[in-house]
2 protein chains.
Amino acid sequence: MLDQTLLPGVVRYIDAHTHADVADAIRRLAVRGAPLIGIAAAYGLTLAARRGEDTRRAADELLATRPTAVNLRWAVDRVLAAGAEAAESEARDIHDEQRQADLQMGELGAELIADGMTVLTHCNTGSLATGGIGTALGVIKTAYRQGKRIRVLVDETRPLLQGARLTSWELAHERIPHEIIVDAAAPALIASGEVSAIFVGADRIAQNGDTANKIGTYMLGLAAQAHDVPFYVVAPASTIDVNVADGSSIAIEEREAGEILAFAGRQTAPASSVARNPAFDVTPAGLITAIITARGVLRAPYHTSIARIVQQPAVVR
Amino acid sequence: MLDQTLLPGVVRYIDAHTHADVADAIRRLAVRGAPLIGIAAAYGLTLAARRGEDTRRAADELLATRPTAVNLRWAVDRVLAAGAEAAESEARDIHDEQRQADLQMGELGAELIADGMTVLTHCNTGSLATGGIGTALGVIKTAYRQGKRIRVLVDETRPLLQGARLTSWELAHERIPHEIIVDAAAPALIASGEVSAIFVGADRIAQNGDTANKIGTYMLGLAAQAHDVPFYVVAPASTIDVNVADGSSIAIEEREAGEILAFAGRQTAPASSVARNPAFDVTPAGLITAIITARGVLRAPYHTSIARIVQQPAVVR
């Protein structure tokens, strides 16, 4: 697995031999992004099955790494249900289906991007988040590959700078014109009229469309509504949690204060200061223009449009 | 002058011998905060006068350092009008009046803070921004000194971390309980109901109450309105620009991309990536609950309440 904590400066791969290696990589964000966490956990469980370990216990260890992205539980449940013998093929299916779903989301979402648009995105929702072309960033890449001249504003995404470090890295590889901004500059740029549309990913979507995503997403939804800019969530169906009625019951991970108080080992705040570090927030469904899934573009009322697709197969083949 | 770029790690003072030394300190943010920029420029002009230099030219050099804070022009104009002989005493008056105004704003603003409240603030608006107790942070300090048990949420304030580095440093000195958060977490914490009130400073206030302040302030105003949390601007009358009708004509400083692309000399984004770095944004008057000045607490319609106070003397003695 590519160690994402070192990007963009260093490209280094991690060998995972056990599910514990995978759990560790997920915990320290060497591997991150809701769909990719699910895929990594599925392969982690495969390692446990191969080694003849108790897969139920391995599953619990993997599930304990991060609480917010529902794809983790979804992938682990699929591999457990498949049984130890079929674990590896199930993990490969999950991975393949995600790549397929990314392409479908890319096509559906790109229809919403016109030539000349400036789009804004948050965190990293590209290949580094899904193993395919990505969700929100996959939509942007697809539009660009279709020949549309677009420009991307990239929220740097504090505290771990997934936007500045990872999204920019992917955009630079694709040669898509982009500018990094501090997160708090996004609302003013949205107000200025230069942002045509906003595309973000998701870590968990409730039955009613409320969406948990990287901290700062809610601020974008508020500004989008205030200035009548379309705000799109792009996510595979595995991100929908049919067990959660609305955003109020989504567990929000609080990460360690050190991510905010220091940078690259250098303390930035006074020694006696403390920090609060919620990693996600919830954007109410009312602020979301549409949710782009591989099964279609969902619109409000989300209760109905979400219920309709969760019965379908993961990928339309 | 205390070099604020090195805080909180290193406390080092700069000796300024010429107005160019002062201009340099303002440009590189060794001295920052709208009122303090004005005070520093006034003393800088005093140095030019003492050295028998052309004060008009020195004024132009000082004015060219930073475009958004109107206090800079206001202070420079006062010293120029006083004449070379009286420059030093005029600079001292400006400094004294700010200290006095801070105390008055502190008293007026503290009436809006009740025991047990959690208040949120952005950037640094304390002693490091005014030479007195501060504007928004002065209000918070005053409430705490009155014995009110309060808690402060401090936006770290990217890219230069004036919240995490400077506001926390002042709060730590005062032993006021506080937690640092990433800027983009503020809207979610406001939505959670735990924020009782928001206090921010200002770099320029238009006739109609539109307020330019550190980038990210607008996001707080939007979230405050969405969740019915009072949003207060605290600023001396010198921050009001009677020559500007509304926020659309306020010049917004764009600073260099390196502030975002690297940290402590270490590149964080890909080498080919670029950044946009607007240092301020404008919060429309409609989002502001009240503007706290030393001359009174102004409420909407600001056109009227602002016009009423700009005729009064700077400090009620």
# chains A, B, ... in the order shown; residues from 1 in each chain; ligands from 1
>>> closest_atom_pairs(of="chain B", to="chain A", cutoff="7 Å", atoms="only C-alpha atoms", output="tab-separated table")
residue	atom	partner	partner_atom	distance
B:Pro8	CA	A:Pro270	CA	5.8
B:Arg158	CA	A:Val182	CA	6.4
B:Pro159	CA	A:Val182	CA	6.7
B:Ala164	CA	A:Ala269	CA	5.2
B:Arg165	CA	A:Ala269	CA	4.9
B:Ser168	CA	A:Ser273	CA	6.6
B:Trp169	CA	A:Pro270	CA	5.8
B:Ala172	CA	A:Ser272	CA	6.8
B:Glu179	CA	A:Ala275	CA	4.7
B:Ile180	CA	A:Ala275	CA	4.3
B:Ile181	CA	A:Arg276	CA	5.5
B:Val182	CA	A:Arg158	CA	6.4
B:Asp183	CA	A:Ala184	CA	6.2
B:Ala184	CA	A:Gly216	CA	4.3
B:Ala185	CA	A:Ile215	CA	5.8
B:Pro187	CA	A:Met219	CA	5.9
B:Ala188	CA	A:Asp281	CA	6.0
B:Ile215	CA	A:Ala185	CA	5.8
B:Gly216	CA	A:Ala184	CA	4.3
B:Tyr218	CA	A:Ala188	CA	6.8
B:Met219	CA	A:Pro187	CA	5.9
B:Thr268	CA	A:Arg165	CA	6.1
B:Ala269	CA	A:Arg165	CA	4.9
B:Pro270	CA	A:Trp169	CA	5.8
B:Ser272	CA	A:Ala172	CA	6.8
B:Ser273	CA	A:Ser168	CA	6.6
B:Val274	CA	A:Glu179	CA	5.2
B:Ala275	CA	A:Ile180	CA	4.3
B:Arg276	CA	A:Ile181	CA	5.5
B:Asn277	CA	A:Ile181	CA	6.4
B:Asp281	CA	A:Ala188	CA	6.0
>>> residues_around(residues="segment 66-73 of chain A", least_positions_apart="2", cutoff="6 Å", atoms="only C-alpha atoms", output="CSV table (one decimal) with N, CA and C atoms, in the first residue's frame")
chain,number,residue,atom,x,y,z
A,34,ALA,N,-12.9,7.0,2.4
A,34,ALA,CA,-13.9,6.0,2.9
A,34,ALA,C,-13.9,4.7,2.0
A,35,PRO,N,-14.0,4.8,0.7
A,35,PRO,CA,-14.0,3.5,-0.1
A,35,PRO,C,-12.7,2.7,0.1
A,37,ILE,N,-10.6,2.7,2.6
A,37,ILE,CA,-10.5,2.0,3.9
A,37,ILE,C,-11.3,0.7,3.8
A,38,GLY,N,-12.4,0.7,3.1
A,38,GLY,CA,-13.2,-0.5,3.0
A,38,GLY,C,-12.4,-1.6,2.2
A,64,ALA,N,-12.4,-1.3,14.6
A,64,ALA,CA,-12.1,-0.3,15.7
A,64,ALA,C,-11.2,0.8,15.2
A,75,ALA,N,-17.7,-3.4,4.0
A,75,ALA,CA,-16.7,-4.2,3.3
A,75,ALA,C,-16.4,-5.4,4.2
A,76,VAL,N,-16.2,-5.1,5.5
A,76,VAL,CA,-15.8,-6.2,6.4
A,76,VAL,C,-17.0,-7.2,6.5
A,77,ASP,N,-18.2,-6.7,6.6
A,77,ASP,CA,-19.4,-7.6,6.6
A,77,ASP,C,-19.5,-8.5,5.4
A,203,ASP,N,-18.3,10.2,3.8
A,203,ASP,CA,-17.9,9.1,4.6
A,203,ASP,C,-19.1,8.3,5.1
A,204,ARG,N,-20.2,8.9,5.2
A,204,ARG,CA,-21.4,8.2,5.6
A,204,ARG,C,-22.6,9.0,5.2
A,238,SER,N,-22.1,2.1,-1.2
A,238,SER,CA,-21.6,1.5,0.0
A,238,SER,C,-21.5,2.5,1.1
A,239,THR,N,-21.5,3.8,0.8
A,239,THR,CA,-21.4,4.9,1.7
A,239,THR,C,-22.7,5.2,2.4
A,251,ALA,N,-21.6,8.7,14.1
A,251,ALA,CA,-20.4,8.9,15.1
A,251,ALA,C,-19.4,9.7,14.4
A,252,ILE,N,-18.9,10.8,15.0
A,252,ILE,CA,-17.9,11.7,14.5
A,252,ILE,C,-16.6,11.4,15.2
A,253,GLU,N,-15.6,11.0,14.4
A,253,GLU,CA,-14.3,10.7,15.0
A,253,GLU,C,-13.6,11.9,15.5
>>> closest_residue(among="B:Tyr43, B:Tyr13, B:Tyr302, B:Tyr144", to="Glu107 of chain B", atoms="only C-alpha atoms")
B:Tyr144
>>> residues_around(residues="Arg57 of chain B", least_positions_apart="6", cutoff="12 Å", atoms="only C-alpha atoms", output="short mmCIF file (atom, residue, chain, number, x, y, z; two decimals) with C-alpha atoms, in the first residue's frame")
data_model
loop_
_atom_site.label_atom_id
_atom_site.label_comp_id
_atom_site.auth_asym_id
_atom_site.auth_seq_id
_atom_site.Cartn_x
_atom_site.Cartn_y
_atom_site.Cartn_z
CA HIS B 19 10.53 54.18 8.89
CA ALA B 20 11.78 51.58 6.39
CA LEU B 45 6.69 58.36 10.62
CA ALA B 48 11.37 59.77 9.60
CA ALA B 49 10.51 63.20 11.05
CA LEU B 63 0.96 53.06 3.27
CA ALA B 64 2.18 50.73 0.51
CA VAL B 76 -0.47 58.13 8.98
CA LEU B 80 1.16 64.04 8.77
#
>>> atom_distance(atom1="atom CA of Thr130 of chain A", atom2="atom CA of Gly265 of chain A")
28.8 Å
>>> closest_residue(among="A:Ala285, A:Val310, A:Ile198, A:Ile133", to="Asp241 of chain A", atoms="only C-alpha atoms")
A:Val310
>>> residues_around(residues="segment 148-152 of chain B", least_positions_apart="2", cutoff="6 Å", atoms="only C-alpha atoms", output="PDB file with N, CA and C atoms, in the first residue's frame")
ATOM      1  N   ASP B 115     -21.781  34.476  32.489  1.00  0.00           N
ATOM      2  CA  ASP B 115     -21.076  33.399  33.166  1.00  0.00           C
ATOM      3  C   ASP B 115     -21.397  32.058  32.499  1.00  0.00           C
ATOM      4  N   GLY B 116     -20.360  31.246  32.251  1.00  0.00           N
ATOM      5  CA  GLY B 116     -20.583  29.910  31.702  1.00  0.00           C
ATOM      6  C   GLY B 116     -20.584  29.817  30.185  1.00  0.00           C
ATOM      7  N   MET B 117     -20.442  30.951  29.530  1.00  0.00           N
ATOM      8  CA  MET B 117     -20.504  30.944  28.062  1.00  0.00           C
ATOM      9  C   MET B 117     -19.250  30.352  27.403  1.00  0.00           C
ATOM     10  N   THR B 118     -19.446  29.758  26.233  1.00  0.00           N
ATOM     11  CA  THR B 118     -18.339  29.401  25.344  1.00  0.00           C
ATOM     12  C   THR B 118     -18.350  30.393  24.195  1.00  0.00           C
ATOM     13  N   VAL B 119     -17.239  31.119  24.041  1.00  0.00           N
ATOM     14  CA  VAL B 119     -17.168  32.087  22.944  1.00  0.00           C
ATOM     15  C   VAL B 119     -16.135  31.628  21.930  1.00  0.00           C
ATOM     16  N   LEU B 120     -16.360  31.997  20.685  1.00  0.00           N
ATOM     17  CA  LEU B 120     -15.450  31.607  19.615  1.00  0.00           C
ATOM     18  C   LEU B 120     -14.812  32.861  19.033  1.00  0.00           C
ATOM     19  N   ALA B 143     -14.246  40.101  30.283  1.00  0.00           N
ATOM     20  CA  ALA B 143     -15.288  39.245  30.879  1.00  0.00           C
ATOM     21  C   ALA B 143     -14.668  38.267  31.878  1.00  0.00           C
ATOM     22  N   TYR B 144     -13.513  37.717  31.512  1.00  0.00           N
ATOM     23  CA  TYR B 144     -12.846  36.760  32.401  1.00  0.00           C
ATOM     24  C   TYR B 144     -12.355  37.450  33.677  1.00  0.00           C
ATOM     25  N   GLN B 146     -13.676  39.885  35.035  1.00  0.00           N
ATOM     26  CA  GLN B 146     -14.861  40.186  35.857  1.00  0.00           C
ATOM     27  C   GLN B 146     -15.319  38.959  36.645  1.00  0.00           C
ATOM     28  N   PRO B 177      -9.338  29.297  29.986  1.00  0.00           N
ATOM     29  CA  PRO B 177      -9.463  27.986  29.327  1.00  0.00           C
ATOM     30  C   PRO B 177      -9.801  28.148  27.850  1.00  0.00           C
ATOM     31  N   HIS B 178      -9.069  27.419  27.003  1.00  0.00           N
ATOM     32  CA  HIS B 178      -9.307  27.556  25.568  1.00  0.00           C
ATOM     33  C   HIS B 178      -8.929  26.288  24.838  1.00  0.00           C
TER      34      HIS B 178
END
